[in-house]
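Everything on this sheet refers to the single structure shown next.
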Protein chains: 2
Amino acid sequence: MNVTIADIAKATGLAKSTISGALNNKSGFSEKTRRRVLAAAEELGYVPNEIARGLSSKSTGSIGLIIKDITNPFYNHITKGVQEIAGEHGYTVFLCSSGEEHQAEIKHIQAMVRKRVDGLIIAPLLEEVTFDHFFELKEQNVPFVLLGKIQGLSCDTYDFDDYDGGRQVTEHLLSMGHTRICFVRGPKTSKAAKLRYSAFIDTLKSHGIEADERYVFQNANGIADGMAVGKQIAAMPDRPTAVICFDDVIAIGVIKAVMEAGLQVPEDLSIIGFDDIEVNTFPLTTVSIPTYEAGKALAWTLFDRILQRRTSGFQHITFEQKLIERASVRQLHNK
Amino acid sequence: MNVTIADIAKATGLAKSTISGALNNKSGFSEKTRRRVLAAAEELGYVPNEIARGLSSKSTGSIGLIIKDITNPFYNHITKGVQEIAGEHGYTVFLCSSGEEHQAEIKHIQAMVRKRVDGLIIAPLLEEVTFDHFFELKEQNVPFVLLGKIQGLSCDTYDFDDYDGGRQVTEHLLSMGHTRICFVRGPKTSKAAKLRYSAFIDTLKSHGIEADERYVFQNANGIADGMAVGKQIAAMPDRPTAVICFDDVIAIGVIKAVMEAGLQVPEDLSIIGFDDIEVNTFPLTTVSIPTYEAGKALAWTLFDRILQRRTSGFQHITFEQKLIERASVRQLHNK
DNA sequence: TTGTACGCGTTATCAA
DNA sequence: TTGATAACGCGTACAA
C-alpha cells in the first residue's frame, strides 16, 4: 500500500542506501542517479515515513507544548509564538492542555517523552503540587524550557515579573485614593496568582493598610468565575471601591456581572486586570504581559538546546510587566 | 542511554517477547513473570518508545488539527473540543496553523502525512484556491474530516449554515429599519464569508434593495483590520446605519474604532457580528455558532473512522447558526 | 508459558 | 559513486 524506499529501489534497480542518500541530498551521488531516484519517487507517490526516520535518526522533528487552557488569550498567544518559531525550524508541535489538573500535566509530559519529542515547553507549570515529574523529566534527557521556576531544578526558564505587576496595580489603586480593594486570585495552581497576591498584601502593608479578608476571592478561573465574583461584589453591603483581577478574562466577567447588577465601571467600582488582551472593547486598565514574545523566546531557547547552538549553563530570563492605564479606574476624592 | 525492552530482557533473563507481552498486558503470562517484568521496568526507568511502536504497529496515536489562527476564539474553541475527545481516546494532537496561506496549508497536510498521523481534522479549509492536496490526501488513505466541503471529494464533513446566518442577520437589520447596511467580509480564503455575503445580497434583493458597493469591505481579518474598517466607516460622509461583521473579533475592532472616533453604538451605528464570543463586555448582537461542540463532533467522527467504529458511507452534518439579539442594533424610526 | 526470528522504513557504516 | 548489511526499538507469528 505505502511505497517505501525499498519499492523505489526495486523500481530503479538501485540499492536502498542509494535511494536514501539521493533523497536526502547527501553528497556523493551522480546527478543522473539523483534524477532517476527523484523521478521514480514522484512516479510511485513516495511519502517519506518520519516515524521510521525518527527511529533511526533519534530525532522526531516534533516538540511538545503544555499549557493550561487554549481558550485563554494568555495561552493562545504563547502558543502562537511557539508555533511560529517551531515552523521556522521545520518542526511540528504537539499541543497539550492540562487545565488545572496535576495528573493531566504528569500524563502529558510522560506522553511527550514516550513520543520522543525533541524538546518540551511547559508554560506554565502548575503550582501547589509535587514536582517529581519534572525531576524525572530531567533524568530523561530531553531538553525543556519552563515558564516558571522550580526550586532545585536546573534548566532554562522564563518568568514574568508577577510580584512587580502586583505591586504596580496596588500602588496605582492607592495613588488613585482606593483603600477598600478587592483581590480576585486566579487558579489555585497559579504561582503568578500567589506572587501578585503577596505583592498586594505587602504593598498595602507598606502603606499601613491591612487587607480585608472579606475582599479576597480565592480560586477564580475563567469568565464564569469572574461573573460569579462580580455578582457577589455587587451585592456586598460595604462594597470595595476597586477590584484587582487575576486576569483580563476574569475582569471582563466581573465587569459583565456588576453591570448587569446595575453598577457602572469605574463610577461605582474600579477594576484592574492582567494580560492586556486585545480583543476587548472595554477600556480596561490592565497590566501588559508580552505573551507572544515569550512564546517565541521559549521556543528559541528550546531550539538553542535541541540544535546545540548553546550548550553552556542554563539561563533565567524575566520579562517585565507594565501597567497600562485606561479608564476602568476612577480617581477617588471622598476617602 | 535509553533503556529498551532488550535491556530489561537482559536484566530479568527473560526474552524480549516476554517483556513486550507482559508490558502490554497480553494474556498468557504468569503473574510472577509479569511482576518481575514490571519491577525491572520500573527499576531501570524504562520508557516505552512510541516511535518504534508506531513503526511496528502502524499506528502513532496522534492526530493532526489544521486551523487558521489559534488566537481567534472560533478556532481555539474548536481546538479545545478536538483535544478533549482526542484525550479521551488516549491520543495526542499536532496543532498546525495556516493563517491565510495556501502553501502553509499544503505543507502542514504533507507534514502530517509524513509523520503518519492516524487521522486529520482540517477546520476549515482555505477557499479560492486549488484543492489538489485534498485529493492527494484522499489517495494517501489517512482518515480525515473537514469543516467545509469540497466539490467532488467524498469524505466526512461538517458545516455551519453560513448562508442562513447571513440571511438571519440581514433580515434582522431590515426588520429594525436599516437599509444602508455595511458588510465587512472576512478573510478572502473564507467560504463562510462568501456564503454570508451572498445571503446578504440575496436577502436585500428579495426586499427590493440593492447593496451599496461603497459599503462593502473586502478582506478583513483580525482586530486590527476591524479597527481600520471602523475608522473608515466613522469618516464616511453618508455613513451606513448598520454594519455586519464577519466575526465578533472584527466587530469588536469596529466598535473600538468608531467609539474612539466619538460615535456611539448602537445610537450612531448598529453592529452585528458572528461567533458569539464569550469574553466580551459589549452587548453585541451576534450569531451563535457551536464551535466547541463542532470540535468535539469533528473528533468523534474522525475516531469513528480511525477505530473503524463506522465504515459505511460518509456523513455530512450541518450545524445551525442562531441570531442572538443583544443591544448593539438600534430600532430605526426615521427611514 | 517462554523464546526465536523477522518485519516495520530509515539511516549509517563500510566495502566494493 | 554505489551496494550490502547492520542498527534503531518494538510487535508478533511461530516454534519450543
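Every chain in the C-alpha cells has a letter given in the order shown (A, B, ...), and although residue numbers restart at 1 in each chain, ligands are simply numbered from 1 in the order shown.
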Contact set, chain C to chain B: 10 Å, only C-alpha atoms (C1' of nucleotides), as a PyMOL selection string: chain C and resi 1-4+7-9
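Proximity to chain B at a cut-off of 8 Å picks out DC8, DG9, DC10 and DG11 of chain D on chain D, counting only C-alpha atoms (C1' of nucleotides).
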Using only C-alpha atoms, find each residue in segment 32-89 of chain A having at least one atom no more than 12 Å away from segment 199-221 of chain A; report its shortest atom-to-atom pair and that distance in Å (one decimal), rows by chain then rising number, as JSON lines.
```
{"residue": "A:Lys68", "atom": "CA", "partner": "A:Asn221", "partner_atom": "CA", "distance": 11.0}
{"residue": "A:Asp69", "atom": "CA", "partner": "A:Asn221", "partner_atom": "CA", "distance": 10.3}
{"residue": "A:Thr71", "atom": "CA", "partner": "A:Asn221", "partner_atom": "CA", "distance": 11.7}
{"residue": "A:Asn72", "atom": "CA", "partner": "A:Asn221", "partner_atom": "CA", "distance": 10.1}
```
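Distance criterion 7 Å to chain A, applied with only C-alpha atoms, yields Val47, Pro48, Asn49, Glu50, Ile51, Ala52, Leu55, Ile70, Thr71, Pro73, Asn76, His77, Lys80, Thr92, Val93, Phe94, Leu95, Arg114, Lys115, Arg116, Ile223, Val249, Ile252, Ile255, Lys256, Val279, Asn280, Thr281 and Phe282 of chain B on chain B.
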Computed interatomic separation between atom CA of Tyr197 of chain B and atom CA of Ile67 of chain B (Å): 22.1 Å
Those of segment 73-147 of chain A in DSSP strand (DSSP E or B), formatted as a ChimeraX atom specification: /A:92-97,119-122,144-147
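With distances restricted to only C-alpha atoms, B:Asp275 is the closest residue to Ile324 of chain B from B:Glu171, B:Glu293, B:Asp275, B:Asp159.
Omitting segment 309-316 of chain A and its sequence neighbours fewer than 4 positions away, and counting only C-alpha atoms (C1' of nucleotides), the residues within 6 Å are Cys155, Asp156, Thr157, Tyr158, Asp304 and Arg305 of chain A.
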Atomic separation - atom CA of Met176 of chain B relative to atom CA of Pro237 of chain B, Å: 22.4 Å
Those in segment 123-234 of chain A with helix (DSSP H, G or I) from DSSP, as a PyMOL selection string: chain A and resi 132-140+162-175+191-206+213-215+222-234
Surrounding residues of Ala192 of chain B excluding itself and chain neighbours under 6 positions, 12 Å, only C-alpha atoms (C1' of nucleotides), as a ChimeraX atom specification: /B:123-128,147-149,159-166,185-186,198-199,245-247,274-275,289,321
For N, CA and C atoms, I'd like the residues from the last selection saved as a PDB file, in the first residue's frame.
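Contents of out24.pdb, as written:
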```pdb
ATOM      1  N   ALA B 123      -9.923  22.375   9.641  1.00  0.00           N
ATOM      2  CA  ALA B 123     -11.050  23.197  10.036  1.00  0.00           C
ATOM      3  C   ALA B 123     -10.699  24.656  10.067  1.00  0.00           C
ATOM      4  N   PRO B 124     -11.211  25.407   9.155  1.00  0.00           N
ATOM      5  CA  PRO B 124     -11.784  24.924   7.922  1.00  0.00           C
ATOM      6  C   PRO B 124     -10.765  25.075   6.841  1.00  0.00           C
ATOM      7  N   LEU B 125     -11.065  24.540   5.735  1.00  0.00           N
ATOM      8  CA  LEU B 125     -10.153  24.632   4.609  1.00  0.00           C
ATOM      9  C   LEU B 125     -10.127  26.040   4.043  1.00  0.00           C
ATOM     10  N   LEU B 126      -9.067  26.352   3.412  1.00  0.00           N
ATOM     11  CA  LEU B 126      -8.987  27.634   2.723  1.00  0.00           C
ATOM     12  C   LEU B 126      -9.763  27.554   1.416  1.00  0.00           C
ATOM     13  N   GLU B 127     -10.303  28.680   1.016  1.00  0.00           N
ATOM     14  CA  GLU B 127     -11.069  28.708  -0.230  1.00  0.00           C
ATOM     15  C   GLU B 127     -10.343  29.501  -1.296  1.00  0.00           C
ATOM     16  N   GLU B 128     -10.925  29.558  -2.433  1.00  0.00           N
ATOM     17  CA  GLU B 128     -10.377  30.383  -3.516  1.00  0.00           C
ATOM     18  C   GLU B 128      -9.021  29.881  -3.968  1.00  0.00           C
ATOM     19  N   LEU B 147     -14.079  20.585   8.006  1.00  0.00           N
ATOM     20  CA  LEU B 147     -15.101  21.572   8.322  1.00  0.00           C
ATOM     21  C   LEU B 147     -15.247  22.390   7.046  1.00  0.00           C
ATOM     22  N   GLY B 148     -16.201  21.980   6.240  1.00  0.00           N
ATOM     23  CA  GLY B 148     -16.352  22.578   4.932  1.00  0.00           C
ATOM     24  C   GLY B 148     -16.464  21.463   3.906  1.00  0.00           C
ATOM     25  N   LYS B 149     -16.794  21.831   2.692  1.00  0.00           N
ATOM     26  CA  LYS B 149     -16.979  20.812   1.674  1.00  0.00           C
ATOM     27  C   LYS B 149     -16.128  21.092   0.454  1.00  0.00           C
ATOM     28  N   ASP B 159     -20.362  21.331   8.716  1.00  0.00           N
ATOM     29  CA  ASP B 159     -20.590  22.642   8.128  1.00  0.00           C
ATOM     30  C   ASP B 159     -21.405  23.491   9.085  1.00  0.00           C
ATOM     31  N   PHE B 160     -21.145  24.768   9.066  1.00  0.00           N
ATOM     32  CA  PHE B 160     -22.066  25.671   9.750  1.00  0.00           C
ATOM     33  C   PHE B 160     -22.930  26.271   8.660  1.00  0.00           C
ATOM     34  N   ASP B 161     -24.172  26.531   8.977  1.00  0.00           N
ATOM     35  CA  ASP B 161     -25.052  27.043   7.933  1.00  0.00           C
ATOM     36  C   ASP B 161     -24.847  28.544   7.759  1.00  0.00           C
ATOM     37  N   ASP B 162     -23.768  28.868   7.096  1.00  0.00           N
ATOM     38  CA  ASP B 162     -23.384  30.265   6.966  1.00  0.00           C
ATOM     39  C   ASP B 162     -24.348  31.096   6.136  1.00  0.00           C
ATOM     40  N   TYR B 163     -24.896  30.462   5.112  1.00  0.00           N
ATOM     41  CA  TYR B 163     -25.843  31.216   4.295  1.00  0.00           C
ATOM     42  C   TYR B 163     -27.020  31.658   5.146  1.00  0.00           C
ATOM     43  N   ASP B 164     -27.516  30.719   5.913  1.00  0.00           N
ATOM     44  CA  ASP B 164     -28.659  31.052   6.754  1.00  0.00           C
ATOM     45  C   ASP B 164     -28.312  32.095   7.813  1.00  0.00           C
ATOM     46  N   GLY B 165     -27.086  32.004   8.347  1.00  0.00           N
ATOM     47  CA  GLY B 165     -26.649  33.019   9.302  1.00  0.00           C
ATOM     48  C   GLY B 165     -26.667  34.400   8.666  1.00  0.00           C
ATOM     49  N   GLY B 166     -26.156  34.454   7.458  1.00  0.00           N
ATOM     50  CA  GLY B 166     -26.138  35.726   6.734  1.00  0.00           C
ATOM     51  C   GLY B 166     -27.554  36.244   6.484  1.00  0.00           C
ATOM     52  N   ARG B 185     -16.586  41.797   4.861  1.00  0.00           N
ATOM     53  CA  ARG B 185     -16.282  40.403   4.547  1.00  0.00           C
ATOM     54  C   ARG B 185     -15.045  39.955   5.305  1.00  0.00           C
ATOM     55  N   GLY B 186     -14.986  38.695   5.591  1.00  0.00           N
ATOM     56  CA  GLY B 186     -13.839  38.177   6.342  1.00  0.00           C
ATOM     57  C   GLY B 186     -12.682  37.879   5.438  1.00  0.00           C
ATOM     58  N   SER B 198     -23.317  36.341   0.092  1.00  0.00           N
ATOM     59  CA  SER B 198     -24.361  36.018  -0.885  1.00  0.00           C
ATOM     60  C   SER B 198     -25.729  36.148  -0.245  1.00  0.00           C
ATOM     61  N   ALA B 199     -25.843  35.612   0.978  1.00  0.00           N
ATOM     62  CA  ALA B 199     -27.123  35.679   1.676  1.00  0.00           C
ATOM     63  C   ALA B 199     -27.539  37.135   1.881  1.00  0.00           C
ATOM     64  N   CYS B 245     -20.465  42.375  10.545  1.00  0.00           N
ATOM     65  CA  CYS B 245     -19.060  41.995  10.523  1.00  0.00           C
ATOM     66  C   CYS B 245     -18.920  40.493  10.405  1.00  0.00           C
ATOM     67  N   PHE B 246     -17.892  40.087   9.731  1.00  0.00           N
ATOM     68  CA  PHE B 246     -17.646  38.666   9.518  1.00  0.00           C
ATOM     69  C   PHE B 246     -17.556  37.879  10.817  1.00  0.00           C
ATOM     70  N   ASP B 247     -16.912  38.468  11.815  1.00  0.00           N
ATOM     71  CA  ASP B 247     -16.906  37.791  13.114  1.00  0.00           C
ATOM     72  C   ASP B 247     -16.849  38.804  14.252  1.00  0.00           C
ATOM     73  N   PHE B 274     -20.460  37.761  14.291  1.00  0.00           N
ATOM     74  CA  PHE B 274     -20.691  36.315  14.223  1.00  0.00           C
ATOM     75  C   PHE B 274     -19.753  35.626  15.221  1.00  0.00           C
ATOM     76  N   ASP B 275     -20.190  34.579  15.796  1.00  0.00           N
ATOM     77  CA  ASP B 275     -19.440  33.656  16.663  1.00  0.00           C
ATOM     78  C   ASP B 275     -19.902  33.654  18.113  1.00  0.00           C
ATOM     79  N   ILE B 289     -22.495  30.315  17.177  1.00  0.00           N
ATOM     80  CA  ILE B 289     -22.010  29.189  16.388  1.00  0.00           C
ATOM     81  C   ILE B 289     -21.378  28.190  17.343  1.00  0.00           C
ATOM     82  N   GLN B 321     -26.994  28.051  12.758  1.00  0.00           N
ATOM     83  CA  GLN B 321     -26.489  29.285  13.345  1.00  0.00           C
ATOM     84  C   GLN B 321     -27.706  30.008  13.901  1.00  0.00           C
TER      85      GLN B 321
END
```
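The two atoms in question, atom CA of Asp238 of chain B and atom CA of Glu260 of chain B, are spaced 18.7 Å apart.
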